[in-house]
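Visitor: Provided herewith is a single structure, encoded as structure tokens, for subsequent inquiry.
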Amino acid sequence: MLLIRAVVRPEKKDEVLFELSQAGFHAATVIDVVGRGKQKGIKIGGVVYDEIPKALIMLAVRDEDKKDVIDVVLRAAKTGVKGAYGDGKIFVSPVEEAYTISSGAVGL
Amino acid sequence: MKEIIAVIRMNKTSATKKALVAAGVAGFTAIKVQGRGKLVESPEAIAGRKAKLMDLAIDDISEPEETEKLVTGFLDGSRLFPRRLFKIVAKDDEVSKIVDALIQANRTENRLGDGKIFVLPIYDAVRVRTGEYGEEAL
């Protein structure tokens, strides 16, 4: 199992969640976060904004679904044809165990 | 070391805190999150929940059609629900005890929506105050 964390533009959140649901990955957790990337924030005039609001979408998937989920997020979170700075990042980490609280069942 | 991520109901926060203390781990980080679970496909479960939510509506202040629209929106999976996300870093041999405590504390008779627990590996931890590494930092 893998935990996929995608940091995307907040205005793209609904689109990414909709596309994920369409692709069969309905369950997700969303956190509003602020952060900056490699570009060190945005400079407008003399003011540097380095706490840029983003949405962090977190979902646990089976190993074999990793590529599908990443493809969906890449497609839905990209702005324009070429993409732009600030479109976000995707991180993948291993999950060793998962439990459903209501049944105590092991697994997704 | 393992990181335990638990997504639970908002109103179970204090029960979870008590359960964690009882299980011997007091430290945690909690975040307010929004989320949704697996799409519920069983028609009986949806019908039952819908009837329950419709009963809660106060007819004097809301139109029945609007209430129905809202309730359907809650149940068709298009909405995100507020939840509390707990992160607990624990030693390997404490994980099963903590998971059991979390499951016991967060189970409700509603079943659907009680939450999920994930266990992830953590490679290292550092205590900022002393600079200790590894399990001593927990």
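Identifiers for the structure tokens are assigned positionally: chains receive A, B, ... in sequence, residues are indexed from 1 per chain, and ligands are indexed from 1 in the order shown.
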I'd like a table as JSON lines: residues in chain B with an atom no more than 9 Å from chain A, each row giving the shortest atom pair and its distance in Å to one decimal, only C-alpha atoms counted, sorted by chain and rising residue number.
Guide:
{"residue": "B:Val7", "atom": "CA", "partner": "A:Thr29", "partner_atom": "CA", "distance": 8.4}
{"residue": "B:Ile8", "atom": "CA", "partner": "A:Ile101", "partner_atom": "CA", "distance": 8.6}
{"residue": "B:Ile31", "atom": "CA", "partner": "A:Ile31", "partner_atom": "CA", "distance": 8.2}
{"residue": "B:Lys32", "atom": "CA", "partner": "A:Ile31", "partner_atom": "CA", "distance": 7.4}
{"residue": "B:Val33", "atom": "CA", "partner": "A:Ile31", "partner_atom": "CA", "distance": 5.0}
{"residue": "B:Gln34", "atom": "CA", "partner": "A:Val30", "partner_atom": "CA", "distance": 5.0}
{"residue": "B:Gly35", "atom": "CA", "partner": "A:Thr29", "partner_atom": "CA", "distance": 4.0}
{"residue": "B:Arg36", "atom": "CA", "partner": "A:Ala27", "partner_atom": "CA", "distance": 5.1}
{"residue": "B:Gly37", "atom": "CA", "partner": "A:Ala27", "partner_atom": "CA", "distance": 4.0}
{"residue": "B:Lys38", "atom": "CA", "partner": "A:Ala27", "partner_atom": "CA", "distance": 4.9}
{"residue": "B:Leu39", "atom": "CA", "partner": "A:His26", "partner_atom": "CA", "distance": 6.2}
{"residue": "B:Gly77", "atom": "CA", "partner": "A:His26", "partner_atom": "CA", "distance": 8.0}
{"residue": "B:Ser78", "atom": "CA", "partner": "A:Phe18", "partner_atom": "CA", "distance": 8.1}
{"residue": "B:Leu80", "atom": "CA", "partner": "A:Val30", "partner_atom": "CA", "distance": 8.3}
{"residue": "B:Arg83", "atom": "CA", "partner": "A:Thr29", "partner_atom": "CA", "distance": 8.7}
{"residue": "B:Val99", "atom": "CA", "partner": "A:Tyr99", "partner_atom": "CA", "distance": 8.3}
{"residue": "B:Asp100", "atom": "CA", "partner": "A:Gly104", "partner_atom": "CA", "distance": 8.6}
{"residue": "B:Leu102", "atom": "CA", "partner": "A:Ile101", "partner_atom": "CA", "distance": 7.9}
{"residue": "B:Ile103", "atom": "CA", "partner": "A:Ile101", "partner_atom": "CA", "distance": 5.1}
{"residue": "B:Gln104", "atom": "CA", "partner": "A:Ile101", "partner_atom": "CA", "distance": 8.1}
{"residue": "B:Asn106", "atom": "CA", "partner": "A:Ile101", "partner_atom": "CA", "distance": 6.8}
{"residue": "B:Arg107", "atom": "CA", "partner": "A:Ser102", "partner_atom": "CA", "distance": 5.4}
{"residue": "B:Thr108", "atom": "CA", "partner": "A:Ser102", "partner_atom": "CA", "distance": 7.0}
{"residue": "B:Glu109", "atom": "CA", "partner": "A:Ser102", "partner_atom": "CA", "distance": 8.4}
{"residue": "B:Asn110", "atom": "CA", "partner": "A:Ser102", "partner_atom": "CA", "distance": 8.3}
{"residue": "B:Arg111", "atom": "CA", "partner": "A:Ser102", "partner_atom": "CA", "distance": 4.8}
{"residue": "B:Leu112", "atom": "CA", "partner": "A:Ser102", "partner_atom": "CA", "distance": 6.8}
{"residue": "B:Gly113", "atom": "CA", "partner": "A:Ser102", "partner_atom": "CA", "distance": 7.7}
{"residue": "B:Asp114", "atom": "CA", "partner": "A:Ser102", "partner_atom": "CA", "distance": 5.5}
{"residue": "B:Gly115", "atom": "CA", "partner": "A:Ile101", "partner_atom": "CA", "distance": 5.5}
{"residue": "B:Lys116", "atom": "CA", "partner": "A:Thr100", "partner_atom": "CA", "distance": 4.7}
{"residue": "B:Ile117", "atom": "CA", "partner": "A:Tyr99", "partner_atom": "CA", "distance": 5.0}
{"residue": "B:Phe118", "atom": "CA", "partner": "A:Ala98", "partner_atom": "CA", "distance": 4.4}
{"residue": "B:Val119", "atom": "CA", "partner": "A:Glu97", "partner_atom": "CA", "distance": 5.0}
{"residue": "B:Leu120", "atom": "CA", "partner": "A:Val95", "partner_atom": "CA", "distance": 4.6}
{"residue": "B:Pro121", "atom": "CA", "partner": "A:Glu96", "partner_atom": "CA", "distance": 7.0}
Visitor: What's the 12 Å shell around B:Tyr123, counting only C-alpha atoms, without same-chain residues fewer than 6 positions away, as a PyMOL selection string?
Guide: (chain A and resi 93-94) or (chain B and resi 1-3+89-92+133-135)
Visitor: Would you write out those residues with N, CA, C and O atoms, as a short mmCIF file (atom, residue, chain, number, x, y, z; two decimals), in the first residue's frame?
Guide:
data_model
loop_
_atom_site.label_atom_id
_atom_site.label_comp_id
_atom_site.auth_asym_id
_atom_site.auth_seq_id
_atom_site.Cartn_x
_atom_site.Cartn_y
_atom_site.Cartn_z
N SER A 93 4.64 7.68 -0.29
CA SER A 93 5.34 6.99 0.80
C SER A 93 4.70 5.64 1.06
O SER A 93 3.53 5.43 0.74
N PRO A 94 5.46 4.72 1.63
CA PRO A 94 4.92 3.40 1.88
C PRO A 94 3.97 3.39 3.08
O PRO A 94 4.17 4.14 4.04
N MET B 1 10.60 2.58 14.24
CA MET B 1 9.59 3.59 14.56
C MET B 1 8.50 3.63 13.50
O MET B 1 8.78 3.42 12.34
N LYS B 2 7.30 3.91 13.94
CA LYS B 2 6.18 3.96 13.00
C LYS B 2 5.39 5.24 13.24
O LYS B 2 5.29 5.72 14.37
N GLU B 3 4.82 5.74 12.15
CA GLU B 3 3.89 6.86 12.27
C GLU B 3 2.49 6.30 12.07
O GLU B 3 2.23 5.60 11.09
N VAL B 89 3.65 9.19 16.57
CA VAL B 89 4.88 8.45 16.26
C VAL B 89 5.17 7.55 17.45
O VAL B 89 5.20 8.02 18.60
N ALA B 90 5.35 6.24 17.18
CA ALA B 90 5.50 5.29 18.28
C ALA B 90 6.56 4.26 17.95
O ALA B 90 6.93 4.06 16.79
N LYS B 91 7.02 3.60 19.00
CA LYS B 91 7.97 2.50 18.80
C LYS B 91 7.24 1.31 18.18
O LYS B 91 6.04 1.13 18.39
N ASP B 92 8.00 0.49 17.46
CA ASP B 92 7.41 -0.63 16.71
C ASP B 92 6.50 -1.52 17.57
O ASP B 92 5.42 -1.90 17.16
N TYR B 133 18.59 11.48 18.86
CA TYR B 133 18.07 10.83 17.66
C TYR B 133 17.37 9.52 18.00
O TYR B 133 17.60 8.95 19.07
N GLY B 134 16.57 9.04 17.05
CA GLY B 134 15.98 7.71 17.13
C GLY B 134 14.93 7.58 18.20
O GLY B 134 14.25 8.55 18.54
N GLU B 135 14.80 6.36 18.75
CA GLU B 135 13.70 6.09 19.68
C GLU B 135 13.81 6.90 20.96
O GLU B 135 12.81 7.14 21.63
#
Visitor: Could you state the separation of atom CA of B:Gly73 and atom CA of B:Asp59 in Å, given to one decimal place?
Guide: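 Going from atom CA of B:Gly73 over to atom CA of B:Asp59, I get 18.4 Å.
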Visitor: Per DSSP on the backbone, filter stretch 18-53 of chain B down to the residues in alpha helix (DSSP H) and report them as a VMD selection string.
Guide: chain B and resid 18 to 22 43 to 53
Visitor: From the DSSP assignment of the backbone, select every residue of stretch 25-121 of chain B that is strand (DSSP E), and format the answer as a PDB file with C-alpha atoms, in the first residue's frame.
Guide:
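This went into out_11.pdb:
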ATOM      1  CA  THR B  29      -0.362  15.996  16.553  1.00  0.00           C
ATOM      2  CA  ALA B  30      -3.933  16.700  15.449  1.00  0.00           C
ATOM      3  CA  ILE B  31      -5.127  18.551  12.364  1.00  0.00           C
ATOM      4  CA  LYS B  32      -8.582  19.508  11.162  1.00  0.00           C
ATOM      5  CA  VAL B  33      -9.089  17.940   7.763  1.00  0.00           C
ATOM      6  CA  GLN B  34     -11.868  17.276   5.291  1.00  0.00           C
ATOM      7  CA  GLY B  35     -12.328  14.004   3.553  1.00  0.00           C
ATOM      8  CA  ARG B  36     -14.461  11.273   2.168  1.00  0.00           C
ATOM      9  CA  PHE B  81     -16.860  15.721   5.637  1.00  0.00           C
ATOM     10  CA  PRO B  82     -14.936  17.374   8.471  1.00  0.00           C
ATOM     11  CA  ARG B  83     -12.680  14.961  10.308  1.00  0.00           C
ATOM     12  CA  ARG B  84      -9.803  15.077  12.764  1.00  0.00           C
ATOM     13  CA  LEU B  85      -6.455  13.653  11.681  1.00  0.00           C
ATOM     14  CA  PHE B  86      -4.201  12.345  14.458  1.00  0.00           C
ATOM     15  CA  LYS B  87      -0.526  11.650  13.895  1.00  0.00           C
ATOM     16  CA  ILE B  88       1.260   9.570  16.489  1.00  0.00           C
ATOM     17  CA  VAL B  89       4.876   8.445  16.263  1.00  0.00           C
ATOM     18  CA  ALA B  90       5.498   5.293  18.281  1.00  0.00           C
ATOM     19  CA  LYS B 116      -9.299   4.781   8.920  1.00  0.00           C
ATOM     20  CA  ILE B 117      -5.895   4.140  10.446  1.00  0.00           C
ATOM     21  CA  PHE B 118      -2.661   3.967   8.465  1.00  0.00           C
ATOM     22  CA  VAL B 119       0.713   2.824   9.753  1.00  0.00           C
ATOM     23  CA  LEU B 120       3.777   4.234   7.971  1.00  0.00           C
ATOM     24  CA  PRO B 121       7.469   3.646   8.603  1.00  0.00           C
TER      25      PRO B 121
END
Visitor: Calculate how many Å separate atom CA of B:Val71 from atom CA of B:Met54, rounding to one decimal.
Guide: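 Result for atom CA of B:Val71 versus atom CA of B:Met54: 7.2 Å, one decimal.
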Visitor: Return the single residue from A:Ile52, A:Ala77, A:Val72, A:Ala84 that is closest to A:Val34, with distances computed using only C-alpha atoms.
Guide: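 Closest candidate: A:Ile52.
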Visitor: In Å to one decimal, how far is atom CA of A:Ile4 from atom CA of B:Ala6?
Guide: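 So the two atoms, atom CA of B:Ala6 and atom CA of A:Ile4, lie 15.4 Å apart.
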